[in-house]
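*Asks:* This is the structure I want to talk about, given as structure tokens.
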Protein chains: 2
Amino acid sequence: MYASGALTPQRTHFHTFDTPGDALALDGGRTLPSHTVAYQTWGHLNADRSNAILIFHALSGDSHVTGTHVDGRTGWWDLMVGPGMAFDTDRYFIICANVLGGCKGSTGPGSTNPATDRPYAMDFPVITINDMVRAQRPLLRLLGIEKLQAVTGGSMGGMLTLAFTQLYPDMAEHAIVMASAHTNHAQAIAWNEIGRRAIIADPLWLEGNYYDSPQGPPKQGLAIARMIGHVTYISEGAMDRKFGRALQTGTKESFTFGIDYAVESYLAYQGNIFHQRFDPNSYLYITRAIDYFDFAAKTNGDLTAAFAETRTRFHFFSYDADWLYSPERNETMTLAAQAAGRDAVHHKIHAPLGHDAFLVLKEPQTELIREFLS
Amino acid sequence: MYASGALTPQRTHFHTFDTPGDALALDGGRTLPSHTVAYQTWGHLNADRSNAILIFHALSGDSHVTGTHVDGRTGWWDLMVGPGMAFDTDRYFIICANVLGGCKGSTGPGSTNPATDRPYAMDFPVITINDMVRAQRPLLRLLGIEKLQAVTGGSMGGMLTLAFTQLYPDMAEHAIVMASAHTNHAQAIAWNEIGRRAIIADPLWLEGNYYDSPQGPPKQGLAIARMIGHVTYISEGAMDRKFGRALQTGTKESFTFGIDYAVESYLAYQGNIFHQRFDPNSYLYITRAIDYFDFAAKTNGDLTAAFAETRTRFHFFSYDADWLYSPERNETMTLAAQAAGRDAVHHKIHAPLGHDAFLVLKEPQTELIREFLS
């Protein structure tokens, strides 16, 4: 039933497939009659189909984990995925799909609503992390995979990883959860909400119907949301070391409201280019899903009971200067998983950079991951 | 030369005075031919004029430190200033003025530009923390005060306090610097810049010329700036304890983009009301002044050399959960002051609330301040 092009999962090409026979019942009560999953794979699936690893991307990620894409971009996890890497494409069959609600090929608010033949925009249903995971279940079926060597991801990808172990307790041998949390805490909700408000307050947002607007998407609002995000991704100390109070140009403050400091220039640049690769409505939907995530919701807040429903071995990675999802929150998860009888280890990594360390650190992650996957 | 109404510094009334004969040369190179200072006083100046304490307010503060104002508002430091309080109005003569660039009576971007008879808006000069301090010097002259028992303030008020000790080294016996920093670090600049961008991106901002606009000021942009500020004023743990993931209404998420969580409701409320008492252009100018502040700028970054130019006794208060201006940054100041031979003490207060603790904690601040003032 899957309408897909030539399926060549061994190659690092970009695939999409639709799920016309697989209506997706969503946590919010609505149903998507069909949806598209955009994904990529690397390596070879072995004969007994036991060497697959499913990677979940973070908020602004996509399916392009590693290697040079046809559009010239390199992957967001080149350091960790490839021949001889932690997720060794010579040994494992690596899969990554764009999340539901995203804007990199999978169905999201920018996709065509079959009921109107126009972009969904705000008619797209509010979705959850669990919905995103369920949306990828047909992909595994398509690939003929019923057991995964591992599921993994950082930040929101870690939440998707946790959700996977709860929804499909018999499928994954290992769960590798990096720089993540079992639920989104108040301060993290606050940052997301302020970002959403900036997008919604942008006059170009047009209640979400900017897809055909001659003025383009709400770039300013998205830029502000992205700038807030960026500050949370690195530590205060890393910002001191990387930027300090260095001026972007010249030797003296301008005494204007233009860009004076290197940190202002960096954030403005990151904010201003983001609309080129990200749909503001997807930012709304994905951050809302993150805010709604609560691994213990099904068990009425009892985190140990939530882990008791899983049958996966857990590896938590936290980074000591990560102030978005702190080591303490990861330790809480680890202790709850252990209390539930799960095999769970917490690797606290010294990483002055902060949250983004999961994306840019190669060691000691590589050595540790190789060890427990082998 | 001061055009003022009946001067009654012993009463808690609101005063303004102008400085027509006192042109103010600004750090940015421009000059204000005259400016207005709005201030209030409490208590009585003693016969030898030696019991005055000058309080500097923080970013969104004003001259109304304590007591019920004519408009019904209570003071922002009611807990610390009053009869029998840390800053005891039975013993001391307390002075507080709205900062230059502000919007509570002192000259700022919303004031009338005498050259055009219209609001300055963005024709107001970009100012510095030092400029704000210099702008209050004529007030002390007006009141006949050449020696201060103490200068004090929290957050930006602490920066003003530091600047005072550098500009007028012989005037203040004690400097009490709370939850502050000797310069604004990269992450703090980032938050300010994102807030400014939100204001400037608001279509109602109109290049700053919204004072006569029928649509009113850029409320949305100011709200976003204020929401960002509020998150930095309290700790992650305090947000967990105060809000956690509590829903504002009902027992289930709404699956909309409306307000679900109590933390969203709190921030939206704080953001939405802010325009009622604060001018968005003042937010731009004051945050820029904070970003520009560097106590060691005059001494080419040598903080010890900067303290060597002072002759005040320093009392630094920091709050252990303050992540905006951390205890570490306060310790750096203290050590530099001590290395310069200054009498400097650092009081690290256990305060799970975070930055705002300087505003809402009564003890142990009160006891400590009483002790070293007596």
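Just remember, in the structure tokens the first chain shown is A, the second B, etc., residues are 1-based per chain, and ligands are 1-based in the order shown.
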DSSP on the backbone: which residues in segment 122-251 of chain A end up as strand (DSSP E or B)? Give the answer as a list in words.
*Replies:*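 The residues of segment 122-251 of chain A classed as strand (DSSP E or B) are Leu148, Gln149, Ala150, Val151, Thr152, Gly153, Gly154, Ala172, Glu173, His174, Ala175, Ile176, Val177, Met178, Thr183 and Leu247 of chain A.
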*Asks:* Show me, as a VMD selection string, the residues of chain A whose atoms get within 8 Å of chain B, using only C-alpha atoms for the distance check.
*Replies:* chain A and resid 28 125 to 127 184 to 187 189 to 191 193 to 194 197 to 198 201 to 203 220 to 221 224 227 to 228 231 236 239 to 240 243 to 245 253 255 to 257 263 to 264 267 288 292
*Asks:* Taking N, CA and C atoms for each residue, export the selection above as a tab-separated table (two decimals), in the first residue's frame.
*Replies:*
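File written: result.tsv
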chain	number	residue	atom	x	y	z
A	28	GLY	N	-4.62	14.10	20.26
A	28	GLY	CA	-5.57	15.20	20.46
A	28	GLY	C	-6.98	14.85	20.05
A	125	PRO	N	-3.58	19.40	12.76
A	125	PRO	CA	-3.89	19.11	14.16
A	125	PRO	C	-2.67	19.32	15.06
A	126	VAL	N	-2.93	19.77	16.28
A	126	VAL	CA	-1.85	19.82	17.28
A	126	VAL	C	-1.46	18.38	17.60
A	127	ILE	N	-0.19	18.10	17.54
A	127	ILE	CA	0.30	16.73	17.68
A	127	ILE	C	1.18	16.60	18.91
A	184	ASN	N	8.88	18.26	29.64
A	184	ASN	CA	9.40	19.61	29.47
A	184	ASN	C	9.03	20.43	30.71
A	185	HIS	N	10.06	20.95	31.36
A	185	HIS	CA	9.84	21.69	32.60
A	185	HIS	C	9.40	23.13	32.31
A	186	ALA	N	9.00	23.83	33.37
A	186	ALA	CA	8.36	25.14	33.23
A	186	ALA	C	9.23	26.14	32.46
A	187	GLN	N	10.52	26.21	32.80
A	187	GLN	CA	11.36	27.20	32.12
A	187	GLN	C	11.48	26.88	30.62
A	189	ILE	N	9.25	25.27	28.81
A	189	ILE	CA	7.95	25.65	28.23
A	189	ILE	C	7.94	27.16	27.97
A	190	ALA	N	8.45	27.90	28.94
A	190	ALA	CA	8.46	29.36	28.82
A	190	ALA	C	9.20	29.80	27.56
A	191	TRP	N	10.39	29.28	27.35
A	191	TRP	CA	11.15	29.68	26.15
A	191	TRP	C	10.36	29.34	24.89
A	193	GLU	N	7.14	28.99	24.53
A	193	GLU	CA	5.95	29.83	24.41
A	193	GLU	C	6.31	31.24	23.94
A	194	ILE	N	7.42	31.77	24.44
A	194	ILE	CA	7.83	33.11	24.01
A	194	ILE	C	8.18	33.09	22.52
A	197	ARG	N	4.99	32.96	20.58
A	197	ARG	CA	4.33	34.27	20.61
A	197	ARG	C	4.98	35.23	19.62
A	198	ALA	N	6.30	35.16	19.51
A	198	ALA	CA	7.00	36.04	18.56
A	198	ALA	C	6.56	35.73	17.13
A	201	ALA	N	2.90	36.89	16.71
A	201	ALA	CA	2.78	38.35	16.73
A	201	ALA	C	3.30	38.99	15.44
A	202	ASP	N	4.04	38.24	14.64
A	202	ASP	CA	4.58	38.80	13.40
A	202	ASP	C	3.42	39.04	12.43
A	203	PRO	N	3.28	40.27	11.93
A	203	PRO	CA	2.13	40.54	11.05
A	203	PRO	C	2.15	39.70	9.77
A	220	GLN	N	10.67	37.61	10.86
A	220	GLN	CA	11.12	38.29	12.08
A	220	GLN	C	10.75	37.49	13.32
A	221	GLY	N	9.50	37.02	13.34
A	221	GLY	CA	9.06	36.25	14.50
A	221	GLY	C	9.85	34.97	14.62
A	224	ILE	N	13.31	35.66	16.00
A	224	ILE	CA	13.33	35.87	17.46
A	224	ILE	C	13.23	34.53	18.18
A	227	MET	N	16.56	32.80	17.89
A	227	MET	CA	17.60	33.43	18.72
A	227	MET	C	17.45	32.98	20.18
A	228	ILE	N	16.21	32.95	20.67
A	228	ILE	CA	15.98	32.46	22.03
A	228	ILE	C	16.49	31.03	22.14
A	231	VAL	N	20.29	30.69	22.44
A	231	VAL	CA	20.88	31.02	23.74
A	231	VAL	C	20.74	29.83	24.70
A	236	GLU	N	26.22	29.61	29.56
A	236	GLU	CA	26.66	30.98	29.84
A	236	GLU	C	28.18	31.09	29.69
A	239	MET	N	29.28	31.04	26.10
A	239	MET	CA	29.05	32.34	25.46
A	239	MET	C	30.12	33.34	25.88
A	240	ASP	N	30.53	33.27	27.14
A	240	ASP	CA	31.63	34.14	27.59
A	240	ASP	C	32.89	33.86	26.79
A	243	PHE	N	32.19	34.56	22.76
A	243	PHE	CA	31.90	35.95	22.37
A	243	PHE	C	32.44	36.96	23.37
A	244	GLY	N	32.23	36.68	24.64
A	244	GLY	CA	32.55	37.67	25.66
A	244	GLY	C	31.85	38.97	25.32
A	245	ARG	N	32.58	40.07	25.44
A	245	ARG	CA	32.03	41.37	25.07
A	245	ARG	C	32.71	41.90	23.80
A	253	GLU	N	31.84	51.06	20.92
A	253	GLU	CA	30.41	50.91	20.72
A	253	GLU	C	29.90	52.01	19.78
A	255	PHE	N	26.93	53.52	19.76
A	255	PHE	CA	25.92	54.44	20.31
A	255	PHE	C	24.72	54.57	19.37
A	256	THR	N	24.36	53.44	18.79
A	256	THR	CA	23.13	53.30	18.01
A	256	THR	C	22.47	51.99	18.48
A	257	PHE	N	21.39	51.61	17.81
A	257	PHE	CA	20.78	50.31	18.11
A	257	PHE	C	21.15	49.27	17.05
A	263	VAL	N	28.21	38.72	19.88
A	263	VAL	CA	27.10	37.83	20.26
A	263	VAL	C	25.80	38.27	19.59
A	264	GLU	N	25.63	39.57	19.43
A	264	GLU	CA	24.44	40.07	18.73
A	264	GLU	C	24.48	39.66	17.26
A	267	LEU	N	23.76	35.86	16.83
A	267	LEU	CA	22.34	35.51	17.01
A	267	LEU	C	21.49	36.06	15.86
A	288	ARG	N	5.15	22.90	20.50
A	288	ARG	CA	3.99	22.54	21.32
A	288	ARG	C	4.04	21.05	21.69
A	292	TYR	N	4.16	19.47	25.46
A	292	TYR	CA	3.16	18.50	25.92
A	292	TYR	C	3.78	17.19	26.40
*Asks:* From segment 201-323 of chain B, collect each residue whose DSSP state is alpha helix (DSSP H) and return the set as an MDAnalysis selection string.
*Replies:* chainID B and resid 201 219:233 236:242 262:273 280:292 303:308
*Asks:* Keeping C-alpha atoms for every residue in the selection just given, could you write it to a file as a PDB file, in the first residue's frame?
*Replies:*
ATOM      1  CA  ALA B 201      10.060  44.202  14.859  1.00  0.00           C
ATOM      2  CA  LYS B 219       2.637  46.232  23.054  1.00  0.00           C
ATOM      3  CA  GLN B 220       3.392  42.828  21.550  1.00  0.00           C
ATOM      4  CA  GLY B 221       7.084  43.466  21.134  1.00  0.00           C
ATOM      5  CA  LEU B 222       7.354  44.926  24.626  1.00  0.00           C
ATOM      6  CA  ALA B 223       5.442  41.936  26.009  1.00  0.00           C
ATOM      7  CA  ILE B 224       7.905  39.511  24.426  1.00  0.00           C
ATOM      8  CA  ALA B 225      10.858  41.479  25.799  1.00  0.00           C
ATOM      9  CA  ARG B 226       9.282  41.488  29.239  1.00  0.00           C
ATOM     10  CA  MET B 227       8.521  37.764  29.148  1.00  0.00           C
ATOM     11  CA  ILE B 228      12.162  37.022  28.319  1.00  0.00           C
ATOM     12  CA  GLY B 229      13.208  39.267  31.194  1.00  0.00           C
ATOM     13  CA  HIS B 230      10.903  37.540  33.636  1.00  0.00           C
ATOM     14  CA  VAL B 231      12.337  34.104  32.854  1.00  0.00           C
ATOM     15  CA  THR B 232      15.818  35.407  33.628  1.00  0.00           C
ATOM     16  CA  TYR B 233      14.671  36.885  36.950  1.00  0.00           C
ATOM     17  CA  GLU B 236      14.755  27.121  36.848  1.00  0.00           C
ATOM     18  CA  GLY B 237      14.001  25.440  40.183  1.00  0.00           C
ATOM     19  CA  ALA B 238      11.755  28.279  41.321  1.00  0.00           C
ATOM     20  CA  MET B 239       9.791  27.945  38.087  1.00  0.00           C
ATOM     21  CA  ASP B 240       9.467  24.214  38.720  1.00  0.00           C
ATOM     22  CA  ARG B 241       8.169  24.849  42.219  1.00  0.00           C
ATOM     23  CA  LYS B 242       5.948  27.807  41.371  1.00  0.00           C
ATOM     24  CA  ALA B 262       0.215  28.210  34.373  1.00  0.00           C
ATOM     25  CA  VAL B 263       3.701  29.342  33.404  1.00  0.00           C
ATOM     26  CA  GLU B 264       2.382  30.510  30.028  1.00  0.00           C
ATOM     27  CA  SER B 265      -0.452  32.375  31.725  1.00  0.00           C
ATOM     28  CA  TYR B 266       1.870  34.069  34.198  1.00  0.00           C
ATOM     29  CA  LEU B 267       4.285  35.238  31.517  1.00  0.00           C
ATOM     30  CA  ALA B 268       1.512  36.376  29.180  1.00  0.00           C
ATOM     31  CA  TYR B 269      -0.026  38.398  31.998  1.00  0.00           C
ATOM     32  CA  GLN B 270       3.275  39.997  32.973  1.00  0.00           C
ATOM     33  CA  GLY B 271       4.032  40.726  29.340  1.00  0.00           C
ATOM     34  CA  ASN B 272       0.610  42.079  28.440  1.00  0.00           C
ATOM     35  CA  ILE B 273       0.320  44.588  31.278  1.00  0.00           C
ATOM     36  CA  PRO B 280       9.033  50.515  24.866  1.00  0.00           C
ATOM     37  CA  ASN B 281      11.605  53.072  23.733  1.00  0.00           C
ATOM     38  CA  SER B 282      12.835  53.380  27.332  1.00  0.00           C
ATOM     39  CA  TYR B 283      13.255  49.599  27.287  1.00  0.00           C
ATOM     40  CA  LEU B 284      15.518  49.959  24.260  1.00  0.00           C
ATOM     41  CA  TYR B 285      17.623  52.743  25.764  1.00  0.00           C
ATOM     42  CA  ILE B 286      17.948  51.295  29.244  1.00  0.00           C
ATOM     43  CA  THR B 287      18.870  47.782  28.093  1.00  0.00           C
ATOM     44  CA  ARG B 288      21.449  49.267  25.723  1.00  0.00           C
ATOM     45  CA  ALA B 289      22.953  51.170  28.641  1.00  0.00           C
ATOM     46  CA  ILE B 290      23.122  47.931  30.644  1.00  0.00           C
ATOM     47  CA  ASP B 291      24.823  46.138  27.752  1.00  0.00           C
ATOM     48  CA  TYR B 292      27.366  48.931  27.397  1.00  0.00           C
ATOM     49  CA  LEU B 303      39.033  45.293  37.137  1.00  0.00           C
ATOM     50  CA  THR B 304      41.440  45.659  40.029  1.00  0.00           C
ATOM     51  CA  ALA B 305      42.715  48.925  38.601  1.00  0.00           C
ATOM     52  CA  ALA B 306      39.104  50.075  38.286  1.00  0.00           C
ATOM     53  CA  PHE B 307      38.446  49.399  41.963  1.00  0.00           C
ATOM     54  CA  ALA B 308      41.711  51.116  42.835  1.00  0.00           C
TER      55      ALA B 308
END
*Asks:* Compare B:Lys252, B:Arg49, B:Arg313, B:His35 by their minimum atom-to-atom distance to Glu173 of chain B, counting only C-alpha atoms, and give me the closest one.
*Replies:*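 The closest residue to Glu173 of chain B is B:Arg313.
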*Asks:* Counting only C-alpha atoms, what is within 10 Å of Leu24 of chain A, bar same-chain residues fewer than 6 positions away, as a PyMOL selection string?
*Replies:* chain A and resi 30-35+131+134-135
*Asks:* Include N, CA and C atoms and write out the residues we just selected as a JSON list (two decimals), in the first residue's frame.
*Replies:*
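The resulting file, out.json, is reproduced below:
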[["chain", "number", "residue", "atom", "x", "y", "z"],
["A", 30, "ARG", "N", -8.01, 13.94, 16.91],
["A", 30, "ARG", "CA", -8.23, 13.96, 15.47],
["A", 30, "ARG", "C", -7.47, 12.82, 14.79],
["A", 31, "THR", "N", -7.76, 12.63, 13.52],
["A", 31, "THR", "CA", -7.14, 11.54, 12.75],
["A", 31, "THR", "C", -6.58, 12.11, 11.46],
["A", 32, "LEU", "N", -5.37, 11.70, 11.14],
["A", 32, "LEU", "CA", -4.83, 12.02, 9.81],
["A", 32, "LEU", "C", -5.10, 10.81, 8.92],
["A", 33, "PRO", "N", -5.91, 10.97, 7.87],
["A", 33, "PRO", "CA", -6.25, 9.80, 7.03],
["A", 33, "PRO", "C", -5.01, 9.18, 6.39],
["A", 34, "SER", "N", -4.06, 10.01, 6.01],
["A", 34, "SER", "CA", -2.79, 9.48, 5.53],
["A", 34, "SER", "C", -1.73, 10.52, 5.80],
["A", 35, "HIS", "N", -0.50, 10.10, 5.79],
["A", 35, "HIS", "CA", 0.59, 11.06, 5.97],
["A", 35, "HIS", "C", 1.81, 10.57, 5.23],
["A", 131, "ASP", "N", 2.58, 10.99, 18.93],
["A", 131, "ASP", "CA", 2.06, 10.98, 17.55],
["A", 131, "ASP", "C", 3.21, 10.91, 16.54],
["A", 134, "ARG", "N", 4.47, 7.35, 16.48],
["A", 134, "ARG", "CA", 3.51, 6.47, 15.79],
["A", 134, "ARG", "C", 3.55, 6.68, 14.28],
["A", 135, "ALA", "N", 3.77, 7.92, 13.89],
["A", 135, "ALA", "CA", 3.81, 8.24, 12.45],
["A", 135, "ALA", "C", 4.96, 7.53, 11.75]]
*Asks:* Hey, which of A:Gln40, A:Thr89, A:Val360, A:Asp22 ends up closest to His69 of chain A? Count only C-alpha atoms.
*Replies:*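 Among A:Gln40, A:Thr89, A:Val360, A:Asp22, it is A:Gln40 that comes nearest to His69 of chain A.
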*Asks:* Fewer than 4 positions away in the same chain doesn't count, so skip those; otherwise give me all residues within 8 Å of Ile95 of chain A, counting only C-alpha atoms, as a list in words.
*Replies:* Tyr39, Gln40, Thr41, Trp42, Ala52, Ile53, Leu54 and Ile55 of chain A
*Asks:* Go ahead and dump the residues you just picked, N, CA and C atoms, as a PDB file, in the first residue's frame.
*Replies:*
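Saved the output as out-v7.pdb:
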ATOM      1  N   TYR A  39      12.347  10.046   4.701  1.00  0.00           N
ATOM      2  CA  TYR A  39      13.398   9.392   5.486  1.00  0.00           C
ATOM      3  C   TYR A  39      14.624   9.127   4.640  1.00  0.00           C
ATOM      4  N   GLN A  40      15.699   8.812   5.318  1.00  0.00           N
ATOM      5  CA  GLN A  40      16.919   8.391   4.645  1.00  0.00           C
ATOM      6  C   GLN A  40      17.476   7.197   5.412  1.00  0.00           C
ATOM      7  N   THR A  41      18.250   6.393   4.722  1.00  0.00           N
ATOM      8  CA  THR A  41      18.912   5.267   5.382  1.00  0.00           C
ATOM      9  C   THR A  41      20.367   5.216   4.933  1.00  0.00           C
ATOM     10  N   TRP A  42      21.167   4.557   5.737  1.00  0.00           N
ATOM     11  CA  TRP A  42      22.598   4.369   5.459  1.00  0.00           C
ATOM     12  C   TRP A  42      22.974   2.942   5.866  1.00  0.00           C
ATOM     13  N   ALA A  52      19.290  -2.814  12.647  1.00  0.00           N
ATOM     14  CA  ALA A  52      18.778  -1.468  12.353  1.00  0.00           C
ATOM     15  C   ALA A  52      18.839  -0.567  13.586  1.00  0.00           C
ATOM     16  N   ILE A  53      19.133   0.692  13.341  1.00  0.00           N
ATOM     17  CA  ILE A  53      19.124   1.725  14.396  1.00  0.00           C
ATOM     18  C   ILE A  53      18.280   2.893  13.887  1.00  0.00           C
ATOM     19  N   LEU A  54      17.333   3.285  14.689  1.00  0.00           N
ATOM     20  CA  LEU A  54      16.457   4.401  14.326  1.00  0.00           C
ATOM     21  C   LEU A  54      16.903   5.646  15.081  1.00  0.00           C
ATOM     22  N   ILE A  55      17.203   6.677  14.336  1.00  0.00           N
ATOM     23  CA  ILE A  55      17.643   7.941  14.933  1.00  0.00           C
ATOM     24  C   ILE A  55      16.513   8.961  14.819  1.00  0.00           C
TER      25      ILE A  55
END
*Asks:* If you count only C-alpha atoms, which residues fall within 10 Å of segment 331-339 of chain A, apart from same-chain ones fewer than 4 positions away, as a ChimeraX atom specification?
*Replies:* /A:180-183,295,302-308,310,312-318,326-327,343-348
